[in-house]
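> Dropping in upload_30.tsv, which is TSV, C-alpha atoms:
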```
chain	number	residue	atom	x	y	z
E	1	MET	CA	57.63	39.93	26.93
E	2	THR	CA	53.80	39.83	26.66
E	3	GLU	CA	53.43	41.72	23.37
E	4	PHE	CA	54.47	38.85	21.09
E	5	PRO	CA	52.41	36.17	22.82
E	6	ALA	CA	49.34	38.44	22.60
E	7	ALA	CA	50.00	39.03	18.90
E	8	ASP	CA	50.49	35.31	18.41
E	9	ARG	CA	47.17	34.64	20.12
E	10	ARG	CA	45.42	37.17	17.89
E	11	ALA	CA	47.01	35.65	14.80
E	12	THR	CA	46.06	32.15	15.91
E	13	SER	CA	42.48	33.28	16.58
E	14	ALA	CA	42.30	34.90	13.13
E	15	LEU	CA	43.61	31.73	11.50
E	16	ARG	CA	41.00	29.67	13.33
E	17	ARG	CA	38.21	31.98	12.19
E	18	ALA	CA	39.51	31.88	8.63
E	19	SER	CA	39.75	28.09	8.78
E	20	ALA	CA	36.20	27.86	10.16
E	21	ARG	CA	34.88	30.10	7.37
E	22	ALA	CA	36.74	28.03	4.79
E	23	GLY	CA	35.26	24.86	6.28
E	24	ILE	CA	31.75	26.29	6.11
E	25	LEU	CA	32.26	27.34	2.51
E	26	ARG	CA	33.56	23.89	1.60
E	27	ARG	CA	30.54	22.23	3.20
E	28	LEU	CA	28.17	24.61	1.44
E	29	GLY	CA	29.95	23.99	-1.85
E	30	ALA	CA	29.74	20.23	-1.36
E	31	ALA	CA	26.04	20.46	-0.48
E	32	LEU	CA	25.37	22.62	-3.55
E	33	ARG	CA	27.22	20.20	-5.84
E	34	ALA	CA	25.34	17.25	-4.36
E	35	GLY	CA	22.04	19.07	-4.82
E	36	LEU	CA	22.75	20.19	-8.38
E	37	TYR	CA	24.23	16.89	-9.52
E	38	ARG	CA	21.95	14.45	-7.83
E	39	PRO	CA	22.05	11.13	-9.80
E	40	LEU	CA	19.12	10.95	-12.17
E	41	ALA	CA	18.90	7.19	-12.69
E	42	GLY	CA	20.17	4.01	-11.09
E	43	ASP	CA	18.23	1.44	-13.09
E	44	ASP	CA	16.94	0.87	-16.61
E	45	ASP	CA	13.38	1.96	-15.81
E	46	ARG	CA	14.56	5.32	-14.51
E	47	VAL	CA	16.87	5.74	-17.52
E	48	ALA	CA	13.88	5.14	-19.80
E	49	TYR	CA	11.92	7.77	-17.85
E	50	TRP	CA	14.57	10.43	-18.44
E	51	ILE	CA	14.93	9.55	-22.12
E	52	ARG	CA	11.16	10.04	-22.48
E	53	HIS	CA	11.61	13.36	-20.74
E	54	VAL	CA	14.23	14.39	-23.29
E	55	ARG	CA	11.78	13.48	-26.07
E	56	ILE	CA	9.11	15.65	-24.46
E	57	GLY	CA	11.59	18.51	-24.14
E	58	VAL	CA	12.58	18.26	-27.78
E	59	LEU	CA	8.92	18.22	-28.81
E	60	LEU	CA	8.18	21.29	-26.67
E	61	SER	CA	11.18	23.09	-28.16
E	62	GLU	CA	10.08	22.28	-31.71
E	63	LEU	CA	6.49	23.41	-31.08
E	64	SER	CA	7.67	26.59	-29.34
E	65	ALA	CA	10.02	27.45	-32.21
E	66	ALA	CA	7.22	26.87	-34.73
E	67	ALA	CA	4.87	29.06	-32.68
E	68	VAL	CA	7.44	31.87	-32.57
E	69	ILE	CA	7.96	31.64	-36.33
E	70	GLY	CA	4.21	31.96	-36.83
E	71	TYR	CA	4.10	34.89	-34.44
E	72	VAL	CA	6.96	36.72	-36.17
E	73	LEU	CA	5.52	36.17	-39.66
E	74	LEU	CA	1.84	36.80	-38.98
E	75	THR	CA	1.65	39.56	-36.38
E	76	HIS	CA	2.45	43.26	-36.58
E	77	SER	CA	4.99	43.19	-33.78
E	78	PRO	CA	8.36	44.96	-33.41
E	79	GLY	CA	9.97	41.66	-34.34
E	80	ARG	CA	7.91	41.11	-37.49
E	81	ASN	CA	9.96	39.22	-40.10
E	82	ASN	CA	13.08	39.72	-37.99
E	83	PRO	CA	15.76	37.54	-39.61
E	84	VAL	CA	17.65	36.98	-36.35
E	85	ILE	CA	14.58	35.62	-34.54
E	86	LEU	CA	13.73	33.43	-37.52
E	87	ALA	CA	17.32	32.15	-37.65
E	88	LEU	CA	17.29	31.36	-33.95
E	89	CYS	CA	14.03	29.42	-34.33
E	90	GLY	CA	15.53	27.50	-37.22
E	91	LEU	CA	18.58	26.73	-35.09
E	92	VAL	CA	16.34	25.33	-32.35
E	93	MET	CA	14.40	23.14	-34.78
E	94	VAL	CA	17.61	21.72	-36.24
E	95	ALA	CA	19.72	21.43	-33.10
E	96	CYS	CA	17.27	19.92	-30.57
E	97	PRO	CA	16.79	16.59	-32.39
E	98	LEU	CA	20.57	16.21	-32.39
E	99	LEU	CA	20.29	15.43	-28.67
E	100	PHE	CA	19.16	11.95	-29.64
E	101	LEU	CA	22.63	11.34	-31.10
E	102	LEU	CA	24.10	11.55	-27.59
E	103	PRO	CA	24.58	8.38	-25.47
E	104	LEU	CA	21.58	9.35	-23.35
E	105	ALA	CA	21.24	5.97	-21.60
E	106	GLN	CA	24.79	6.25	-20.22
E	107	MET	CA	24.58	9.98	-19.52
E	108	MET	CA	21.52	9.64	-17.29
E	109	ARG	CA	23.52	7.44	-14.90
E	110	ASP	CA	26.23	10.01	-14.14
E	111	SER	CA	26.87	13.77	-13.95
E	112	ARG	CA	26.57	14.19	-17.72
E	113	GLY	CA	22.79	13.91	-17.46
E	114	PRO	CA	22.24	16.92	-15.16
E	115	THR	CA	24.91	18.86	-17.08
E	116	MET	CA	23.04	18.31	-20.35
E	117	PHE	CA	19.76	19.53	-18.85
E	118	TYR	CA	21.43	22.61	-17.34
E	119	LEU	CA	23.12	23.56	-20.61
E	120	TRP	CA	19.89	22.96	-22.49
E	121	SER	CA	17.96	25.28	-20.17
E	122	ILE	CA	20.66	27.97	-20.29
E	123	ALA	CA	20.65	27.86	-24.10
E	124	THR	CA	16.85	27.99	-24.22
E	125	SER	CA	16.66	30.90	-21.77
E	126	THR	CA	19.34	32.80	-23.73
E	127	LEU	CA	17.43	32.41	-26.99
E	128	VAL	CA	14.15	33.46	-25.37
E	129	ILE	CA	15.72	36.59	-23.87
E	130	ILE	CA	17.38	37.52	-27.18
E	131	GLY	CA	14.09	37.04	-29.02
E	132	THR	CA	12.21	39.05	-26.39
E	133	ARG	CA	14.66	41.94	-26.64
E	134	LEU	CA	14.48	41.96	-30.46
E	135	ASP	CA	10.68	41.93	-30.28
E	136	GLY	CA	10.34	45.07	-28.24
E	137	GLY	CA	11.62	44.04	-24.83
E	138	PRO	CA	9.16	44.07	-21.93
E	139	SER	CA	6.17	44.51	-24.26
E	140	SER	CA	6.91	41.27	-26.13
E	141	PRO	CA	4.83	38.16	-25.31
E	142	LEU	CA	7.81	35.94	-26.08
E	143	ASP	CA	8.96	36.16	-22.47
E	144	ALA	CA	6.10	33.78	-21.61
E	145	LEU	CA	8.35	31.00	-22.94
E	146	LEU	CA	10.45	31.45	-19.80
E	147	PHE	CA	7.55	30.06	-17.77
E	148	LEU	CA	7.37	27.06	-20.07
E	149	THR	CA	11.07	26.51	-19.45
E	150	LEU	CA	10.57	26.82	-15.69
E	151	THR	CA	7.78	24.24	-15.81
E	152	PHE	CA	10.10	21.83	-17.60
E	153	LEU	CA	12.68	22.51	-14.86
E	154	ALA	CA	10.20	21.52	-12.15
E	155	VAL	CA	9.87	18.05	-13.65
E	156	ALA	CA	13.48	17.50	-14.70
E	157	TYR	CA	15.66	19.11	-12.04
E	158	SER	CA	16.35	18.75	-8.36
E	159	PRO	CA	15.03	21.60	-6.15
E	160	TYR	CA	18.54	23.09	-6.03
E	161	GLY	CA	18.70	23.09	-9.81
E	162	VAL	CA	15.29	24.71	-10.15
E	163	VAL	CA	16.19	27.54	-7.75
E	164	VAL	CA	19.59	28.18	-9.36
E	165	MET	CA	18.33	28.09	-12.94
E	166	GLY	CA	15.17	30.09	-12.16
E	167	SER	CA	17.24	32.74	-10.39
E	168	LEU	CA	19.66	32.95	-13.31
E	169	MET	CA	16.76	33.38	-15.73
E	170	THR	CA	15.23	36.14	-13.60
E	171	VAL	CA	18.52	38.02	-13.25
E	172	ALA	CA	19.24	37.69	-16.98
E	173	TYR	CA	15.79	39.00	-17.85
E	174	LEU	CA	16.29	41.95	-15.49
E	175	PHE	CA	19.64	42.98	-16.97
E	176	PHE	CA	19.08	42.26	-20.65
E	177	VAL	CA	15.39	43.08	-21.08
E	178	GLU	CA	14.13	45.41	-18.31
E	179	LEU	CA	17.13	47.59	-17.53
E	180	PRO	CA	17.88	50.43	-17.62
E	181	GLY	CA	14.21	51.46	-17.76
E	182	LEU	CA	12.64	49.14	-15.19
E	183	THR	CA	8.91	49.82	-14.94
E	184	THR	CA	6.31	48.81	-12.39
E	185	SER	CA	4.96	46.16	-14.75
E	186	GLY	CA	8.50	44.91	-15.30
E	187	GLY	CA	9.09	44.64	-11.58
E	188	PHE	CA	5.80	42.79	-11.21
E	189	PHE	CA	6.87	40.34	-13.93
E	190	LEU	CA	10.16	39.67	-12.13
E	191	VAL	CA	8.39	39.07	-8.82
E	192	ILE	CA	6.04	36.61	-10.52
E	193	MET	CA	9.04	34.82	-12.07
E	194	LEU	CA	10.69	34.45	-8.68
E	195	ALA	CA	7.43	33.25	-7.11
E	196	PHE	CA	6.92	30.77	-9.95
E	197	THR	CA	10.49	29.55	-9.44
E	198	MET	CA	9.71	28.82	-5.78
E	199	VAL	CA	6.51	26.99	-6.75
E	200	CYS	CA	8.47	24.91	-9.28
E	201	ALA	CA	11.13	24.17	-6.65
E	202	MET	CA	8.47	22.93	-4.23
E	203	ALA	CA	6.94	20.77	-6.98
E	204	SER	CA	10.40	19.37	-7.71
E	205	ALA	CA	11.03	18.66	-4.02
E	206	ASN	CA	7.71	16.82	-3.73
E	207	SER	CA	8.43	14.82	-6.89
E	208	TRP	CA	11.88	13.74	-5.72
E	209	ALA	CA	10.59	12.97	-2.21
E	210	ALA	CA	7.88	10.74	-3.68
E	211	TYR	CA	10.50	9.00	-5.81
E	212	ASP	CA	12.77	8.49	-2.77
E	213	ARG	CA	9.88	6.99	-0.81
E	214	GLN	CA	9.07	4.67	-3.69
E	215	VAL	CA	12.69	3.53	-3.98
E	216	LEU	CA	12.89	2.98	-0.21
E	217	LEU	CA	9.67	0.97	-0.26
E	218	ILE	CA	10.88	-1.21	-3.14
E	219	ARG	CA	14.24	-1.82	-1.49
E	220	THR	CA	12.54	-2.66	1.82
E	221	GLN	CA	10.24	-5.13	0.08
E	222	GLU	CA	13.19	-6.71	-1.73
E	223	THR	CA	15.08	-7.02	1.55
E	224	LEU	CA	12.11	-8.57	3.33
E	225	ALA	CA	11.54	-10.97	0.45
E	226	SER	CA	15.14	-12.19	0.62
E	227	THR	CA	15.70	-12.19	4.40
E	228	ASP	CA	14.82	-14.78	7.03
E	229	PRO	CA	12.69	-12.90	9.59
E	230	LEU	CA	13.97	-14.85	12.59
E	231	THR	CA	17.74	-14.72	12.08
E	232	GLY	CA	18.03	-11.68	9.80
E	233	ILE	CA	20.23	-13.57	7.33
E	234	PRO	CA	19.36	-14.41	3.68
E	235	ASN	CA	16.60	-16.95	3.11
E	236	ARG	CA	16.31	-19.86	0.66
E	237	ARG	CA	15.22	-17.66	-2.23
E	238	ALA	CA	18.18	-15.28	-1.91
E	239	TYR	CA	20.58	-18.17	-1.37
E	240	LEU	CA	19.52	-20.04	-4.50
E	241	GLU	CA	19.87	-16.85	-6.55
E	242	ARG	CA	23.45	-16.45	-5.33
E	243	VAL	CA	24.20	-20.12	-6.01
E	244	ALA	CA	22.99	-19.61	-9.60
E	245	GLU	CA	25.37	-16.65	-9.90
E	246	ALA	CA	28.19	-18.82	-8.53
E	247	VAL	CA	27.48	-21.46	-11.17
E	248	ASP	CA	27.77	-18.80	-13.89
E	249	ALA	CA	31.03	-17.54	-12.35
E	250	ALA	CA	32.42	-21.10	-12.24
E	251	ALA	CA	32.61	-21.05	-16.03
E	252	TRP	CA	35.28	-18.35	-15.64
E	253	GLY	CA	37.31	-20.33	-13.15
E	254	HIS	CA	35.79	-18.89	-9.96
E	255	GLN	CA	35.89	-21.59	-7.27
E	256	THR	CA	33.05	-21.78	-4.77
E	257	VAL	CA	31.53	-24.42	-2.56
E	258	VAL	CA	28.07	-25.14	-1.15
E	259	CYS	CA	27.80	-26.29	2.47
E	260	LEU	CA	24.55	-27.51	4.02
E	261	VAL	CA	24.49	-27.36	7.81
E	262	ASP	CA	21.80	-29.36	9.64
E	263	LEU	CA	21.63	-29.14	13.43
E	264	ASP	CA	21.89	-32.30	15.54
E	265	GLY	CA	19.96	-32.37	18.80
E	266	PHE	CA	17.90	-29.28	18.05
E	267	LYS	CA	14.58	-30.96	18.88
E	268	ALA	CA	15.77	-31.47	22.46
E	269	VAL	CA	16.29	-27.72	22.81
E	270	ASN	CA	12.73	-27.06	21.72
E	271	ASP	CA	11.37	-29.79	23.99
E	272	ALA	CA	13.28	-28.54	27.02
E	273	GLY	CA	12.96	-24.78	26.65
E	274	GLY	CA	10.10	-24.25	24.22
E	275	HIS	CA	10.09	-22.36	20.96
E	276	ALA	CA	11.71	-19.30	22.52
E	277	ALA	CA	14.81	-21.33	23.38
E	278	GLY	CA	14.80	-22.88	19.91
E	279	ASP	CA	14.55	-19.47	18.26
E	280	ALA	CA	17.41	-18.17	20.40
E	281	MET	CA	19.54	-21.15	19.36
E	282	LEU	CA	18.77	-20.57	15.66
E	283	ARG	CA	19.75	-16.92	15.94
E	284	ALA	CA	22.97	-17.87	17.75
E	285	VAL	CA	23.84	-20.45	15.10
E	286	GLY	CA	23.21	-17.95	12.29
E	287	SER	CA	25.51	-15.47	14.00
E	288	ALA	CA	28.19	-18.12	14.66
E	289	LEU	CA	28.19	-19.27	11.03
E	290	GLY	CA	28.46	-15.66	9.87
E	291	GLY	CA	31.47	-15.19	12.10
E	292	ALA	CA	33.15	-18.27	10.66
E	293	VAL	CA	33.17	-17.04	7.05
E	294	ARG	CA	34.31	-13.95	5.18
E	295	GLU	CA	32.08	-10.95	4.56
E	296	THR	CA	31.94	-11.82	0.86
E	297	ASP	CA	30.53	-15.29	1.60
E	298	THR	CA	26.83	-16.02	2.11
E	299	VAL	CA	25.20	-17.62	5.15
E	300	ALA	CA	21.48	-18.40	4.78
E	301	ARG	CA	18.74	-20.19	6.64
E	302	LEU	CA	16.90	-22.59	4.34
E	303	GLY	CA	14.17	-23.40	6.86
E	304	GLY	CA	13.70	-25.14	10.16
E	305	ASP	CA	17.12	-25.98	11.61
E	306	GLU	CA	18.87	-26.16	8.23
E	307	PHE	CA	21.42	-23.55	7.21
E	308	ALA	CA	23.56	-23.16	4.09
E	309	VAL	CA	26.84	-21.45	3.26
E	310	LEU	CA	28.15	-20.36	-0.14
E	311	ALA	CA	31.83	-19.50	0.04
E	312	ASP	CA	34.90	-18.99	-2.12
E	313	ILE	CA	37.61	-21.62	-1.88
E	314	SER	CA	41.20	-21.79	-3.05
E	315	VAL	CA	44.21	-24.08	-3.00
E	316	GLY	CA	45.04	-22.88	0.50
E	317	PHE	CA	41.48	-22.98	1.81
E	318	SER	CA	39.41	-25.97	0.70
E	319	GLY	CA	35.75	-26.76	1.13
E	320	GLU	CA	36.66	-29.38	3.72
E	321	MET	CA	38.52	-26.78	5.81
E	322	LEU	CA	35.53	-24.44	5.60
E	323	ALA	CA	33.12	-27.20	6.63
E	324	GLU	CA	35.26	-28.07	9.63
E	325	ARG	CA	35.27	-24.43	10.67
E	326	LEU	CA	31.46	-24.33	10.40
E	327	ARG	CA	31.07	-27.57	12.40
E	328	ASP	CA	33.35	-26.23	15.12
E	329	ALA	CA	31.47	-22.90	15.29
E	330	VAL	CA	28.16	-24.71	15.88
E	331	ALA	CA	29.73	-27.09	18.40
E	332	ARG	CA	30.98	-24.18	20.48
E	333	ILE	CA	27.59	-22.42	20.42
E	334	GLY	CA	25.65	-25.60	21.23
E	335	ARG	CA	28.05	-27.08	23.78
E	336	ARG	CA	25.73	-26.56	26.76
E	337	SER	CA	22.61	-27.66	24.88
E	338	GLY	CA	24.08	-30.69	23.13
E	339	VAL	CA	23.60	-29.15	19.70
E	340	THR	CA	26.10	-30.01	16.96
E	341	ALA	CA	26.08	-29.86	13.16
E	342	SER	CA	26.09	-32.34	10.31
E	343	VAL	CA	27.73	-30.64	7.34
E	344	GLY	CA	27.57	-31.67	3.70
E	345	VAL	CA	29.86	-30.10	1.10
E	346	ALA	CA	29.59	-29.96	-2.70
E	347	GLU	CA	31.89	-27.97	-4.97
E	348	VAL	CA	30.29	-25.77	-7.61
E	349	GLN	CA	31.15	-27.01	-11.11
E	350	PRO	CA	30.74	-25.14	-14.44
E	351	GLY	CA	27.37	-25.93	-16.00
E	352	ASP	CA	25.89	-27.25	-12.75
E	353	ASP	CA	22.14	-27.38	-12.39
E	354	VAL	CA	21.33	-25.57	-9.14
E	355	GLU	CA	18.86	-28.23	-8.06
E	356	ASP	CA	21.35	-31.03	-8.73
E	357	LEU	CA	24.10	-29.12	-6.91
E	358	MET	CA	21.89	-28.67	-3.84
E	359	HIS	CA	20.95	-32.36	-4.03
E	360	ARG	CA	24.64	-33.34	-3.90
E	361	ALA	CA	25.22	-31.15	-0.86
E	362	ASP	CA	22.05	-32.54	0.75
E	363	ALA	CA	23.20	-36.13	0.17
E	364	ALA	CA	26.57	-35.32	1.75
E	365	MET	CA	24.87	-33.75	4.74
E	366	TYR	CA	22.70	-36.85	5.28
E	367	ARG	CA	25.79	-39.03	5.17
E	368	SER	CA	27.18	-36.98	8.04
E	369	LYS	CA	23.93	-37.24	9.97
E	370	ASN	CA	23.51	-40.98	9.39
E	371	ALA	CA	27.08	-41.51	10.56
E	372	GLY	CA	26.21	-40.06	13.97
E	373	GLY	CA	26.29	-36.31	13.35
E	374	ASN	CA	28.81	-33.68	14.38
E	375	ARG	CA	30.93	-34.43	11.31
E	376	ILE	CA	31.49	-33.35	7.72
E	377	THR	CA	31.18	-35.11	4.36
E	378	VAL	CA	32.57	-33.77	1.10
E	379	LEU	CA	31.16	-34.91	-2.25
E	380	GLY	CA	32.61	-34.11	-5.66
E	381	SER	CA	30.63	-33.47	-8.84
```
Kindly transcribe the structure held in the file into structure tokens.

Amino acid sequence: MTEFPAADRRATSALRRASARAGILRRLGAALRAGLYRPLAGDDDRVAYWIRHVRIGVLLSELSAAAVIGYVLLTHSPGRNNPVILALCGLVMVACPLLFLLPLAQMMRDSRGPTMFYLWSIATSTLVIIGTRLDGGPSSPLDALLFLTLTFLAVAYSPYGVVVMGSLMTVAYLFFVELPGLTTSGGFFLVIMLAFTMVCAMASANSWAAYDRQVLLIRTQETLASTDPLTGIPNRRAYLERVAEAVDAAAWGHQTVVCLVDLDGFKAVNDAGGHAAGDAMLRAVGSALGGAVRETDTVARLGGDEFAVLADISVGFSGEMLAERLRDAVARIGRRSGVTASVGVAEVQPGDDVEDLMHRADAAMYRSKNAGGNRITVLGS
């Protein structure tokens, strides 16, 4: 009676261990793919950087091929006048410029960019090892080109890519050049290649880390420049940029509306509780307006106690309905403090001037305020 349950427990335990190992392998595989295929560029400036890097690589390849041709023709080496080496150099000089025929600007934005660099390095390493073997093997100086390739890797590849490609180059050199007669000098060369690979990987890691810090700094500055420091919502600058985008979209039939929300009775809050109470009220209003709209809409603070909303509208949800929802949200937040909202609404029309559009919404808001506040006014074009 106990034999089968025990066997079942052992089988279950084995399955769990196998599943755990499979999970670890999947995570390692995912981490390796992410490291090898890290996106190269996310903007035009970075794309231009990588295209310049391709140009430098092509130039280095052309100069290296020319140098090898000179070496083969002018020196008394085992590979002197070797037709295969000369043909390979000619292939390099003809094929490398063909890279410029590829859609490099698009490739640098997806996985095709890293794939191109990996294939390029594999092809280069293969040609160098073939040339080295034809020129006498370990005694040939052509293997120095592997270090040039590794240096290019340090600038172009992620640290994962540098380690993988450098290791492949070292193993290929061991099997196709050094073996079966590995010497002490050959072993020393391999150790130096591995050490140089690690140095290049560290240089790559530092380069990418510096780039990440730069991107983070730029994004932080952009966020600060477009965010109201008190409420944490977009400021006037960011809001006007989005209104301009909405005007462009209106030409394609996209319906949006601008709402200006000015607080009634806010001065009394400041007078009674000081600036701390006023700041707390402004933060509460910003949060309440954000809760009254969709995530795709924009709530911004234009300055002082004036807020603005840019939202999509439709046949079933008009600008007037949105404005009433905004007025009600402020009324609920400010009930105890006597704070309400005067809301002005202006629909975005194709070809609108942003300044004129904001002026219409401002005029509507002042109509609400002059009529006693805590109400909405909708103006057309």
> Can you list, as a CSV table (one decimal) with C-alpha atoms, in the frame of the given file, every protein, DNA or RNA residue that comes within 10 Å of segment 99-101 of chain E when you count all atoms listed in the file, leaving out same-chain residues fewer than 6 positions away?

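What ended up in selection-v8.csv:
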```
chain,number,residue,atom,x,y,z
E,51,ILE,CA,14.9,9.6,-22.1
E,54,VAL,CA,14.2,14.4,-23.3
E,55,ARG,CA,11.8,13.5,-26.1
E,58,VAL,CA,12.6,18.3,-27.8
E,116,MET,CA,23.0,18.3,-20.4
E,120,TRP,CA,19.9,23.0,-22.5
```
> Quick one, how far is atom CA of Arg109 of chain E from atom CA of Arg38 of chain E?
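One can read the atom CA of Arg109 of chain E to atom CA of Arg38 of chain E distance as 10.1 Å.
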> Using all atoms listed in the file, which protein or nucleic acid residues come within 8 Å of segment 246-251 of chain E? Drop anything in the same chain fewer than 3 positions from it, and give the result as a list in words.
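Once the nearby chain positions are removed, what remains is Arg242, Val243, His254, Gln255, Thr256, Val348, Gln349, Pro350, Gly351, Asp352 and Val354 of chain E.
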> Please report as JSON lines every residue of segment 137-225 of chain E lying within 8 Å of segment 122-133 of chain E, along with the nearest atom pair and their distance in Å (one decimal), using only C-alpha atoms.

```
{"residue": "E:Gly137", "atom": "CA", "partner": "E:Arg133", "partner_atom": "CA", "distance": 4.1}
{"residue": "E:Pro138", "atom": "CA", "partner": "E:Thr132", "partner_atom": "CA", "distance": 7.4}
{"residue": "E:Ser140", "atom": "CA", "partner": "E:Thr132", "partner_atom": "CA", "distance": 5.8}
{"residue": "E:Pro141", "atom": "CA", "partner": "E:Thr132", "partner_atom": "CA", "distance": 7.5}
{"residue": "E:Leu142", "atom": "CA", "partner": "E:Thr132", "partner_atom": "CA", "distance": 5.4}
{"residue": "E:Asp143", "atom": "CA", "partner": "E:Thr132", "partner_atom": "CA", "distance": 5.9}
{"residue": "E:Leu145", "atom": "CA", "partner": "E:Val128", "partner_atom": "CA", "distance": 6.8}
{"residue": "E:Leu146", "atom": "CA", "partner": "E:Ser125", "partner_atom": "CA", "distance": 6.5}
{"residue": "E:Thr149", "atom": "CA", "partner": "E:Ser125", "partner_atom": "CA", "distance": 7.5}
{"residue": "E:Met165", "atom": "CA", "partner": "E:Ile122", "partner_atom": "CA", "distance": 7.7}
{"residue": "E:Met169", "atom": "CA", "partner": "E:Ser125", "partner_atom": "CA", "distance": 6.5}
{"residue": "E:Ala172", "atom": "CA", "partner": "E:Ile129", "partner_atom": "CA", "distance": 7.8}
{"residue": "E:Tyr173", "atom": "CA", "partner": "E:Ile129", "partner_atom": "CA", "distance": 6.5}
{"residue": "E:Phe176", "atom": "CA", "partner": "E:Ile129", "partner_atom": "CA", "distance": 7.3}
{"residue": "E:Val177", "atom": "CA", "partner": "E:Arg133", "partner_atom": "CA", "distance": 5.7}
```
> Determine the nearest neighbour of Thr115 of chain E from the options E:Arg327, E:Arg33, E:Arg80, E:His53, counting all atoms listed in the file.
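Nearest to Thr115 of chain E: E:Arg33.
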> Write out as a list in words the residues lying within 8 Å of segment 68-70 of chain E, counting all atoms listed in the file and excluding same-chain residues fewer than 6 positions away.
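What passes the distance filter is Ile85, Leu86, Cys89 and Leu142 of chain E.
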> Please, could you write that set of residues out with C-alpha atoms as a PDB file, in the coordinates of the input?

```pdb
ATOM      1  CA  ILE E  85      14.580  35.620 -34.540  1.00  0.00           C
ATOM      2  CA  LEU E  86      13.730  33.430 -37.520  1.00  0.00           C
ATOM      3  CA  CYS E  89      14.030  29.420 -34.330  1.00  0.00           C
ATOM      4  CA  LEU E 142       7.810  35.940 -26.080  1.00  0.00           C
TER       5      LEU E 142
END
```
> Can you measure atom CA of Trp252 of chain E to atom CA of Thr298 of chain E for me? One decimal in Å is fine.
19.8 Å
> Between atom CA of Pro234 of chain E and atom CA of Asp279 of chain E, what is the distance, to one decimal in Å?
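Calculated distance between atom CA of Pro234 of chain E and atom CA of Asp279 of chain E is 16.2 Å.
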> For Pro78 of chain E, which residue among E:Ile24, E:Ala329, E:Ile376, E:Leu134 is the nearest when counting all atoms listed in the file?
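For Pro78 of chain E, the nearest of the candidates is E:Leu134.
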> For Glu355 of chain E, work out the shell of residues within 10 Å, counting only C-alpha atoms and skipping chain neighbours fewer than 3 positions away, then give it as a ChimeraX atom specification.
/E:240,243-244,352,358-360
